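Coordinates as given in input-v2.tsv (TSV, C-alpha atoms):
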```
chain	number	residue	atom	x	y	z
A	1254	MET	CA	14.65	20.81	-15.22
A	1255	THR	CA	13.11	17.68	-16.60
A	1256	ASN	CA	9.73	17.34	-18.16
A	1257	THR	CA	7.22	17.44	-15.34
A	1258	THR	CA	4.04	17.54	-17.36
A	1259	VAL	CA	3.32	13.89	-16.67
A	1260	ASP	CA	3.88	12.66	-13.19
A	1261	GLN	CA	5.05	9.08	-13.46
A	1262	ARG	CA	6.67	8.78	-10.11
A	1263	PRO	CA	6.64	5.25	-8.77
A	1264	VAL	CA	5.23	4.31	-5.41
A	1265	PRO	CA	8.05	3.54	-2.97
A	1266	LEU	CA	7.92	0.81	-0.34
A	1267	PRO	CA	5.35	1.99	2.20
A	1268	PRO	CA	5.86	2.55	5.93
A	1269	GLY	CA	5.76	-0.70	7.86
A	1270	THR	CA	7.73	-2.62	5.22
A	1271	GLU	CA	10.85	-4.38	6.34
A	1272	ALA	CA	13.69	-2.50	4.62
A	1273	PRO	CA	15.37	-4.86	2.13
A	1274	GLU	CA	18.91	-5.75	3.15
A	1275	PHE	CA	21.76	-4.71	0.82
A	1276	ARG	CA	25.52	-4.55	0.71
A	1277	LEU	CA	27.19	-1.96	-1.55
A	1278	PRO	CA	30.68	-0.51	-2.02
A	1279	SER	CA	31.39	2.73	-0.15
A	1280	THR	CA	35.08	2.86	-1.16
A	1281	PRO	CA	37.14	0.77	-3.62
A	1282	ASP	CA	37.87	-1.75	-0.86
A	1283	GLN	CA	35.00	-1.38	1.60
A	1284	THR	CA	31.34	-2.25	1.56
A	1285	VAL	CA	28.45	-1.12	3.71
A	1286	SER	CA	25.40	-3.18	4.58
A	1287	LEU	CA	22.12	-1.93	5.95
A	1288	ALA	CA	22.27	-4.45	8.80
A	1289	GLU	CA	25.36	-2.71	10.19
A	1290	PHE	CA	23.14	0.14	11.28
A	1291	ARG	CA	20.57	-1.92	13.16
A	1292	GLY	CA	19.87	-0.10	16.40
A	1293	GLN	CA	19.91	3.37	14.85
A	1294	PRO	CA	17.77	5.16	12.27
A	1295	VAL	CA	19.02	5.20	8.68
A	1296	ILE	CA	18.27	7.80	6.02
A	1297	LEU	CA	18.61	6.45	2.48
A	1298	ALA	CA	18.91	9.20	-0.11
A	1299	PHE	CA	18.60	7.74	-3.60
A	1300	TYR	CA	19.64	10.29	-6.19
A	1301	PRO	CA	19.89	10.01	-9.97
A	1302	GLU	CA	23.51	10.86	-10.70
A	1303	ASP	CA	26.68	12.34	-9.28
A	1304	TRP	CA	27.48	15.83	-10.64
A	1305	SER	CA	23.99	16.84	-11.76
A	1306	PRO	CA	23.06	20.30	-10.42
A	1307	VAL	CA	20.04	19.28	-8.36
A	1308	CYS	CA	21.87	16.33	-6.79
A	1309	SER	CA	24.73	18.57	-5.78
A	1310	ASP	CA	22.42	21.09	-4.12
A	1311	GLN	CA	20.47	18.39	-2.36
A	1312	LEU	CA	23.51	16.58	-1.01
A	1313	ALA	CA	25.19	19.86	0.00
A	1314	LEU	CA	22.11	20.66	2.04
A	1315	TYR	CA	22.24	17.25	3.71
A	1316	GLN	CA	25.92	17.76	4.48
A	1317	GLU	CA	24.95	20.98	6.30
A	1318	LEU	CA	22.36	19.00	8.24
A	1319	LEU	CA	24.57	16.13	9.37
A	1320	PRO	CA	24.68	17.58	12.92
A	1321	GLU	CA	20.88	17.63	12.98
A	1322	PHE	CA	20.69	14.03	11.79
A	1323	GLN	CA	23.26	13.06	14.39
A	1324	LYS	CA	20.99	14.42	17.11
A	1325	PHE	CA	18.74	11.50	16.23
A	1326	ASN	CA	21.74	9.16	16.03
A	1327	ALA	CA	20.70	8.70	12.39
A	1328	GLU	CA	23.07	7.54	9.66
A	1329	LEU	CA	22.79	9.16	6.22
A	1330	LEU	CA	23.62	7.05	3.17
A	1331	GLY	CA	23.57	8.44	-0.37
A	1332	ILE	CA	22.95	5.90	-3.14
A	1333	SER	CA	23.21	6.21	-6.90
A	1334	VAL	CA	24.11	3.96	-9.82
A	1335	ASP	CA	27.44	5.73	-10.32
A	1336	GLY	CA	30.64	3.78	-9.82
A	1337	ILE	CA	32.76	4.15	-6.72
A	1338	TRP	CA	35.47	6.28	-8.38
A	1339	SER	CA	32.90	8.79	-9.53
A	1340	HIS	CA	31.49	8.87	-6.00
A	1341	LEU	CA	34.92	9.50	-4.50
A	1342	ALA	CA	35.70	12.34	-6.89
A	1343	PHE	CA	32.24	13.83	-6.42
A	1344	ALA	CA	32.41	13.65	-2.62
A	1345	LYS	CA	35.84	15.24	-2.60
A	1346	ASP	CA	34.86	18.01	-5.01
A	1347	ARG	CA	31.69	18.87	-3.11
A	1348	ASN	CA	32.98	18.37	0.44
A	1349	LEU	CA	30.52	15.60	1.24
A	1350	HIS	CA	31.41	13.65	4.35
A	1351	PHE	CA	28.86	10.87	4.41
A	1352	PRO	CA	28.95	7.55	2.53
A	1353	LEU	CA	27.93	7.50	-1.13
A	1354	LEU	CA	27.13	3.92	-2.06
A	1355	ALA	CA	27.64	2.57	-5.57
A	1356	ASP	CA	24.54	0.72	-6.77
A	1357	PHE	CA	26.62	-0.07	-9.83
A	1358	GLU	CA	26.78	-3.83	-10.33
A	1359	PRO	CA	24.30	-5.30	-10.93
A	1360	LYS	CA	23.28	-1.83	-11.96
A	1361	GLY	CA	20.51	-0.31	-9.87
A	1362	GLU	CA	19.70	-3.55	-8.10
A	1363	VAL	CA	19.13	-1.89	-4.74
A	1364	ALA	CA	17.09	0.90	-6.34
A	1365	ARG	CA	14.94	-1.77	-7.98
A	1366	THR	CA	14.49	-3.55	-4.67
A	1367	TYR	CA	13.33	-0.28	-3.13
A	1368	GLN	CA	11.04	0.33	-6.15
A	1369	VAL	CA	12.80	3.52	-7.17
A	1370	TYR	CA	14.66	2.56	-10.36
A	1371	ARG	CA	14.05	4.62	-13.50
A	1372	ALA	CA	14.42	2.14	-16.28
A	1373	THR	CA	13.96	4.84	-18.93
A	1374	ASP	CA	16.99	6.76	-17.73
A	1375	GLY	CA	19.05	3.96	-16.22
A	1376	THR	CA	19.25	5.83	-12.92
A	1377	SER	CA	17.35	5.82	-9.67
A	1378	GLU	CA	14.58	8.20	-8.76
A	1379	ARG	CA	15.23	11.02	-6.35
A	1380	ALA	CA	13.82	9.17	-3.37
A	1381	LEU	CA	14.11	9.27	0.38
A	1382	TYR	CA	13.65	6.54	2.96
A	1383	VAL	CA	13.78	6.80	6.72
A	1384	ILE	CA	14.29	3.40	8.33
A	1385	ASN	CA	13.94	2.90	12.07
A	1386	ALA	CA	16.34	1.18	14.46
A	1387	ASP	CA	14.57	-2.15	13.86
A	1388	GLY	CA	15.07	-1.98	10.10
A	1389	ILE	CA	11.48	-1.04	9.27
A	1390	VAL	CA	10.62	1.66	6.71
A	1391	ARG	CA	8.92	4.50	8.59
A	1392	TRP	CA	8.76	7.08	5.81
A	1393	SER	CA	9.36	7.03	2.07
A	1394	TYR	CA	9.05	9.69	-0.57
A	1395	VAL	CA	9.76	10.02	-4.28
A	1396	SER	CA	10.42	13.56	-5.47
A	1397	PRO	CA	9.96	14.72	-9.04
A	1398	VAL	CA	13.39	13.89	-10.43
A	1399	GLY	CA	14.36	17.51	-11.18
A	1400	VAL	CA	13.24	18.79	-7.80
A	1401	ASN	CA	15.31	18.97	-4.65
A	1402	PRO	CA	13.05	17.57	-1.90
A	1403	GLY	CA	14.81	19.50	0.86
A	1404	ALA	CA	15.14	18.01	4.31
A	1405	ASP	CA	12.02	18.90	6.23
A	1406	GLY	CA	10.39	15.54	5.48
A	1407	ILE	CA	13.41	13.66	6.80
A	1408	LEU	CA	13.48	15.69	10.01
A	1409	ARG	CA	9.77	15.17	10.51
A	1410	ALA	CA	10.15	11.45	10.06
A	1411	LEU	CA	13.04	11.31	12.53
A	1412	GLU	CA	11.02	13.31	15.04
A	1413	SER	CA	8.09	10.98	14.72
A	1414	LEU	CA	10.38	7.99	15.32
A	1415	GLU	CA	11.38	9.54	18.61
A	1416	GLU	CA	7.79	10.33	19.53
A	1417	ASN	CA	6.71	6.77	18.80
A	1418	GLY	CA	9.66	5.37	20.68
A	1419	SER	CA	10.60	3.24	17.70
B	719	MET	CA	11.66	26.61	-8.92
B	720	SER	CA	12.01	23.92	-6.48
B	721	THR	CA	9.04	22.38	-4.83
B	722	THR	CA	8.35	19.93	-2.11
B	723	GLN	CA	5.07	18.25	-1.54
B	724	TRP	CA	4.71	19.36	2.06
B	725	ASP	CA	5.03	22.42	4.15
B	726	THR	CA	5.59	25.20	1.70
B	727	VAL	CA	4.79	27.80	4.29
B	728	LEU	CA	7.07	29.85	6.48
B	729	ALA	CA	7.64	27.78	9.63
B	730	VAL	CA	8.78	30.76	11.71
B	731	PRO	CA	6.63	33.87	11.20
B	732	VAL	CA	8.23	37.24	10.61
B	733	ASP	CA	9.14	38.85	13.92
B	734	GLU	CA	9.53	42.64	13.94
B	735	ASP	CA	11.88	42.44	16.90
B	736	ARG	CA	14.11	39.71	15.57
B	737	ASP	CA	14.13	39.82	11.78
B	738	HIS	CA	15.99	42.15	9.46
B	739	ILE	CA	13.22	44.12	7.82
B	740	GLN	CA	12.80	46.89	5.28
B	741	GLY	CA	9.36	48.42	4.81
B	742	PRO	CA	6.40	49.03	7.06
B	743	ALA	CA	5.00	46.39	9.44
B	744	ASP	CA	1.52	46.96	8.02
B	745	ALA	CA	2.52	46.61	4.35
B	746	PRO	CA	0.02	44.44	2.47
B	747	VAL	CA	2.79	42.15	1.19
B	748	THR	CA	5.75	40.63	2.96
B	749	LEU	CA	8.54	39.07	0.91
B	750	VAL	CA	10.94	36.85	2.85
B	751	GLU	CA	14.18	35.74	1.24
B	752	TYR	CA	16.40	32.94	2.50
B	753	GLY	CA	19.77	33.77	0.99
B	754	ASP	CA	23.45	32.94	0.91
B	755	TYR	CA	25.91	35.81	0.33
B	756	GLU	CA	28.20	33.71	-1.85
B	757	CYS	CA	25.47	32.09	-3.96
B	758	PRO	CA	25.48	33.53	-7.49
B	759	TYR	CA	21.71	33.03	-7.87
B	760	CYS	CA	21.17	35.15	-4.77
B	761	GLY	CA	23.50	37.69	-6.32
B	762	ALA	CA	21.31	37.70	-9.41
B	763	ALA	CA	18.19	38.13	-7.26
B	764	TYR	CA	19.66	41.05	-5.30
B	765	PRO	CA	19.02	43.80	-7.90
B	766	ILE	CA	15.62	42.27	-8.63
B	767	VAL	CA	14.57	42.70	-5.00
B	768	LYS	CA	15.86	46.28	-5.07
B	769	GLU	CA	13.77	46.94	-8.16
B	770	LEU	CA	10.69	45.40	-6.52
B	771	GLN	CA	11.20	47.62	-3.50
B	772	GLY	CA	11.53	50.65	-5.75
B	773	ARG	CA	8.36	49.84	-7.63
B	774	MET	CA	6.18	48.86	-4.69
B	775	GLY	CA	7.48	51.33	-2.13
B	776	GLU	CA	5.61	51.26	1.16
B	777	ARG	CA	3.36	48.46	-0.01
B	778	LEU	CA	6.20	45.96	0.39
B	779	ARG	CA	7.92	44.65	3.51
B	780	PHE	CA	11.16	42.76	2.75
B	781	VAL	CA	12.79	40.35	5.17
B	782	PHE	CA	16.18	38.69	4.75
B	783	ARG	CA	17.17	35.48	6.56
B	784	ASN	CA	20.48	33.62	6.37
B	785	PHE	CA	20.81	30.32	4.55
B	786	PRO	CA	24.54	29.78	4.02
B	787	ILE	CA	25.38	26.49	2.31
B	788	THR	CA	28.98	26.29	3.43
B	789	THR	CA	29.52	22.92	1.79
B	790	SER	CA	29.34	24.72	-1.56
B	791	HIS	CA	30.26	28.25	-0.48
B	792	PRO	CA	33.16	28.39	1.96
B	793	HIS	CA	32.85	32.14	2.64
B	794	ALA	CA	29.08	32.22	3.09
B	795	GLU	CA	28.96	31.49	6.79
B	796	LEU	CA	31.39	34.19	7.90
B	797	ALA	CA	29.77	36.65	5.50
B	798	ALA	CA	26.42	35.93	7.17
B	799	GLU	CA	28.02	36.40	10.57
B	800	ALA	CA	29.52	39.69	9.34
B	801	ALA	CA	26.08	40.95	8.37
B	802	GLU	CA	24.81	39.97	11.81
B	803	ALA	CA	27.78	41.67	13.46
B	804	ALA	CA	26.94	44.79	11.45
B	805	ALA	CA	23.32	44.41	12.57
B	806	ALA	CA	24.50	44.50	16.18
B	807	GLN	CA	25.80	47.98	15.30
B	808	SER	CA	22.65	48.93	13.37
B	809	GLY	CA	24.30	48.42	10.00
B	810	PHE	CA	22.68	45.24	8.73
B	811	TRP	CA	21.31	46.46	5.41
B	812	GLU	CA	24.38	48.46	4.53
B	813	MET	CA	26.51	45.35	5.04
B	814	HIS	CA	23.97	43.10	3.30
B	815	ASP	CA	24.16	45.34	0.22
B	816	LEU	CA	27.95	45.56	0.26
B	817	LEU	CA	28.24	41.78	0.48
B	818	TYR	CA	25.94	41.22	-2.49
B	819	GLU	CA	27.69	43.91	-4.48
B	820	ASN	CA	31.05	42.23	-3.82
B	821	GLN	CA	30.13	38.56	-3.86
B	822	ARG	CA	33.48	37.42	-5.17
B	823	ARG	CA	35.38	39.28	-2.48
B	824	LEU	CA	34.35	37.75	0.80
B	825	THR	CA	37.62	36.86	2.51
B	826	ASP	CA	38.16	37.76	6.17
B	827	GLN	CA	40.15	40.82	5.07
B	828	ASP	CA	37.36	41.88	2.72
B	829	LEU	CA	34.78	41.64	5.50
B	830	HIS	CA	36.99	43.74	7.75
B	831	ALA	CA	37.38	46.32	4.99
B	832	TYR	CA	33.58	46.53	4.53
B	833	ALA	CA	33.14	47.07	8.26
B	834	GLU	CA	35.68	49.86	8.07
B	835	GLN	CA	33.96	51.36	5.05
B	836	LEU	CA	30.69	51.42	7.01
B	837	GLY	CA	32.34	53.09	9.98
B	838	LEU	CA	31.62	50.24	12.37
B	839	ASP	CA	33.47	49.69	15.63
B	840	LEU	CA	36.20	47.50	14.17
B	841	ASP	CA	37.48	46.02	17.41
B	842	LEU	CA	34.01	44.85	18.30
B	843	PHE	CA	33.31	43.63	14.76
B	844	ASP	CA	36.55	41.65	14.54
B	845	ARG	CA	36.09	40.15	17.97
B	846	GLU	CA	32.54	39.07	17.25
B	847	LEU	CA	33.61	37.39	14.02
B	848	ALA	CA	36.61	35.70	15.65
B	849	GLU	CA	34.43	34.36	18.45
B	850	HIS	CA	31.54	33.48	16.12
B	851	VAL	CA	29.18	35.35	18.40
B	852	HIS	CA	26.50	35.42	15.73
B	853	ALA	CA	26.83	31.83	14.51
B	854	PRO	CA	23.86	30.62	16.60
B	855	ARG	CA	21.64	33.28	15.05
B	856	VAL	CA	22.75	32.30	11.54
B	857	ARG	CA	22.06	28.64	12.30
B	858	GLU	CA	18.66	29.55	13.73
B	859	ASP	CA	17.78	31.24	10.45
B	860	PHE	CA	19.12	28.26	8.52
B	861	MET	CA	17.05	25.75	10.46
B	862	SER	CA	13.91	27.88	10.20
B	863	GLY	CA	14.50	27.75	6.45
B	864	VAL	CA	14.96	23.99	6.42
B	865	ARG	CA	11.71	23.59	8.35
B	866	SER	CA	9.99	25.88	5.86
B	867	GLY	CA	11.06	23.66	2.98
B	868	VAL	CA	14.00	25.75	1.74
B	869	ASN	CA	16.05	23.43	-0.45
B	870	GLY	CA	18.32	25.92	-2.17
B	871	THR	CA	18.95	29.61	-2.43
B	872	PRO	CA	17.43	31.98	-2.96
B	873	SER	CA	14.06	30.82	-1.65
B	874	PHE	CA	11.27	33.38	-1.46
B	875	TYR	CA	8.07	33.44	0.58
B	876	VAL	CA	5.22	35.76	-0.33
B	877	ASN	CA	2.98	36.45	2.66
B	878	GLY	CA	4.24	33.23	4.20
B	879	ALA	CA	3.69	30.93	1.21
B	880	ARG	CA	6.66	29.69	-0.74
B	881	HIS	CA	7.07	31.24	-4.17
B	882	ASP	CA	7.67	28.20	-6.36
B	883	ASP	CA	7.84	30.08	-9.64
B	884	SER	CA	10.72	31.91	-11.28
B	885	TYR	CA	12.15	34.90	-9.40
B	886	ASP	CA	12.64	37.08	-12.43
B	887	LEU	CA	11.33	40.60	-11.95
B	888	GLU	CA	8.04	40.28	-13.82
B	889	THR	CA	7.05	36.96	-12.25
B	890	LEU	CA	7.91	38.00	-8.73
B	891	LEU	CA	6.27	41.38	-9.12
B	892	ALA	CA	3.10	39.73	-10.40
B	893	ALA	CA	3.08	37.35	-7.43
B	894	LEU	CA	3.53	40.24	-5.00
B	895	GLU	CA	0.78	42.29	-6.65
B	896	ARG	CA	-1.55	39.28	-6.54
B	897	ALA	CA	-0.86	38.86	-2.84
B	898	ALA	CA	-1.39	42.57	-2.27
B	899	ALA	CA	-4.76	42.43	-3.98
B	900	VAL	CA	-6.16	39.66	-1.77
```

Structure encoded using structure tokens:
Amino acid sequence: MTNTTVDQRPVPLPPGTEAPEFRLPSTPDQTVSLAEFRGQPVILAFYPEDWSPVCSDQLALYQELLPEFQKFNAELLGISVDGIWSHLAFAKDRNLHFPLLADFEPKGEVARTYQVYRATDGTSERALYVINADGIVRWSYVSPVGVNPGADGILRALESLEENGS
Amino acid sequence: MSTTQWDTVLAVPVDEDRDHIQGPADAPVTLVEYGDYECPYCGAAYPIVKELQGRMGERLRFVFRNFPITTSHPHAELAAEAAEAAAAQSGFWEMHDLLYENQRRLTDQDLHAYAEQLGLDLDLFDRELAEHVHAPRVREDFMSGVRSGVNGTPSFYVNGARHDDSYDLETLLAALERAAAV
């Protein structure tokens, strides 16, 4: 666990913000852009690093919940500053079957755009975004970096998208 | 020692008819565990819960719910289903204990052997596992955990509120005694 005596979590982009567009590698020869998912909700899970214990638990939990996310037609994208080869090895080792995007070069640029870069550590925060079908941020949350935020917040946000018809 | 900033309470209240329960319904403290039979941390918590039960006796009601993280623990789901299949034959706690006492031996053959050891109807047990009869129940537990803010295992709830501190014996006992004193 990291030092949690001082809470210096940044404020993420608030609901109502247009989600900044990005294009990042998902495999050595493929990239993924946010715009590709227009028309469906997107969950962005920024996490500090591949292989760290909390990240592994968190992403394993999300893997278990892919069927729940699919009920909302939502796409889950993991993002960290690790390179694509680390992502591939990590995903294979941990049985993760959703895209892990490499925010690697320029390092952390997408995390910075989403206001969740940790300059002191050179990684991103542990942060969650739920973006609606129109590309608007509907929910954002930054967890203490050593704490697995679980999935209830994501599911609540997806439910409220459905209730609001957006 | 994992916290979220919202909803740290049990989303689905303890149900005497549905849940697996040890201890009296009117005990002053209810401890709910969301656990995974293959998770080593749950294995470490298992004797601690036993000790708590020994110390608190009838003042404690203990409830176990399934939270198998199959992505990390490939045998956890079927082990959970095996405990539910045992429950269908009134042998839940005996199977629960056997599974935690043999965490590294949870293959299909092992589960069958435990059922045999407990004197269960083996044809019925094997059929229920093969057909995943109890998978919906396991998933129901899992989702109730997700909605309660469970983010890893074991996760404990003391009288419905998530226990965000360590689950070593002294800390957990103190939390239970505090809840009992309210």

I'd like the neighbourhood of Ala897 (chain B) as a VMD selection string, where a residue qualifies if any of its atoms comes within 9 Å (using only C-alpha atoms), though same-chain residues fewer than 3 positions away should be ignored. chain B and resid 746 to 748 876 to 877 892 to 894 900

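Taking CA of Ile1296 (chain A) as the reference point, CA of Phe785 (chain B) is found at 22.7 Å.
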
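Every residue of chain A that lies within 9 Å of chain B is listed here, counting all atoms listed in the file: Ser1309, Asp1310, Gln1311, Ala1313, Leu1314, Gln1316, Glu1317, Leu1318, Arg1347, Asn1348, Leu1349, Ser1396, Pro1397, Gly1399, Val1400, Asn1401, Pro1402, Gly1403, Ala1404, Asp1405, Gly1406, Leu1408 and Arg1409 of chain A.
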
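Near Asp1374 (chain A), within 12 Å and counting all atoms listed in the file, sit Thr1255, Pro1301, Glu1302, Val1334, Gly1361, Val1369, Tyr1370, Glu1378 and Val1398 of chain A; same-chain residues fewer than 4 positions away were not included.
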
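Between Ala899 (chain B) and the candidates B:Arg777, B:Leu840, B:Asp754, B:Tyr764, the tightest atom-to-atom separation, counting all atoms listed in the file, involves B:Arg777.
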
How would you write as a PyMOL selection string the residues that get within 12 Å of (24.3, 0.8, 10.2) in the file's frame, counting only C-alpha atoms? chain A and resi 1274-1276+1284-1297+1326-1330+1352+1384-1388

Create the file for the chosen residues now, containing C-alpha atoms and written as a JSON list (two decimals), in the coordinates of the input.
```json
[["chain", "number", "residue", "atom", "x", "y", "z"],
["A", 1274, "GLU", "CA", 18.91, -5.75, 3.15],
["A", 1275, "PHE", "CA", 21.76, -4.71, 0.82],
["A", 1276, "ARG", "CA", 25.52, -4.55, 0.71],
["A", 1284, "THR", "CA", 31.34, -2.25, 1.56],
["A", 1285, "VAL", "CA", 28.45, -1.12, 3.71],
["A", 1286, "SER", "CA", 25.40, -3.18, 4.58],
["A", 1287, "LEU", "CA", 22.12, -1.93, 5.95],
["A", 1288, "ALA", "CA", 22.27, -4.45, 8.80],
["A", 1289, "GLU", "CA", 25.36, -2.71, 10.19],
["A", 1290, "PHE", "CA", 23.14, 0.14, 11.28],
["A", 1291, "ARG", "CA", 20.57, -1.92, 13.16],
["A", 1292, "GLY", "CA", 19.87, -0.10, 16.40],
["A", 1293, "GLN", "CA", 19.91, 3.37, 14.85],
["A", 1294, "PRO", "CA", 17.77, 5.16, 12.27],
["A", 1295, "VAL", "CA", 19.02, 5.20, 8.68],
["A", 1296, "ILE", "CA", 18.27, 7.80, 6.02],
["A", 1297, "LEU", "CA", 18.61, 6.45, 2.48],
["A", 1326, "ASN", "CA", 21.74, 9.16, 16.03],
["A", 1327, "ALA", "CA", 20.70, 8.70, 12.39],
["A", 1328, "GLU", "CA", 23.07, 7.54, 9.66],
["A", 1329, "LEU", "CA", 22.79, 9.16, 6.22],
["A", 1330, "LEU", "CA", 23.62, 7.05, 3.17],
["A", 1352, "PRO", "CA", 28.95, 7.55, 2.53],
["A", 1384, "ILE", "CA", 14.29, 3.40, 8.33],
["A", 1385, "ASN", "CA", 13.94, 2.90, 12.07],
["A", 1386, "ALA", "CA", 16.34, 1.18, 14.46],
["A", 1387, "ASP", "CA", 14.57, -2.15, 13.86],
["A", 1388, "GLY", "CA", 15.07, -1.98, 10.10]]
```

So the first atom is CA of Arg1391 (chain A) and the second is CA of Asp859 (chain B); what is the distance between them in Å, to one decimal place? 28.2 Å

What does the distance between CA of Pro872 (chain B) and CA of Glu751 (chain B) come to in Å, to one decimal place? 6.5 Å

Skip Arg822 (chain B) itself and residues of its chain fewer than 6 positions away, then list as an MDAnalysis selection string all residues within 12 Å of it, counting only C-alpha atoms. chainID B and resid 755:758 761 791:794 797 816 828:829

Counting only C-alpha atoms, what is within 9 Å of region 1335-1344 of chain A, bar same-chain residues fewer than 4 positions away, as a PyMOL selection string? chain A and resi 1278-1281+1301-1304+1309+1348-1358+1360+1376
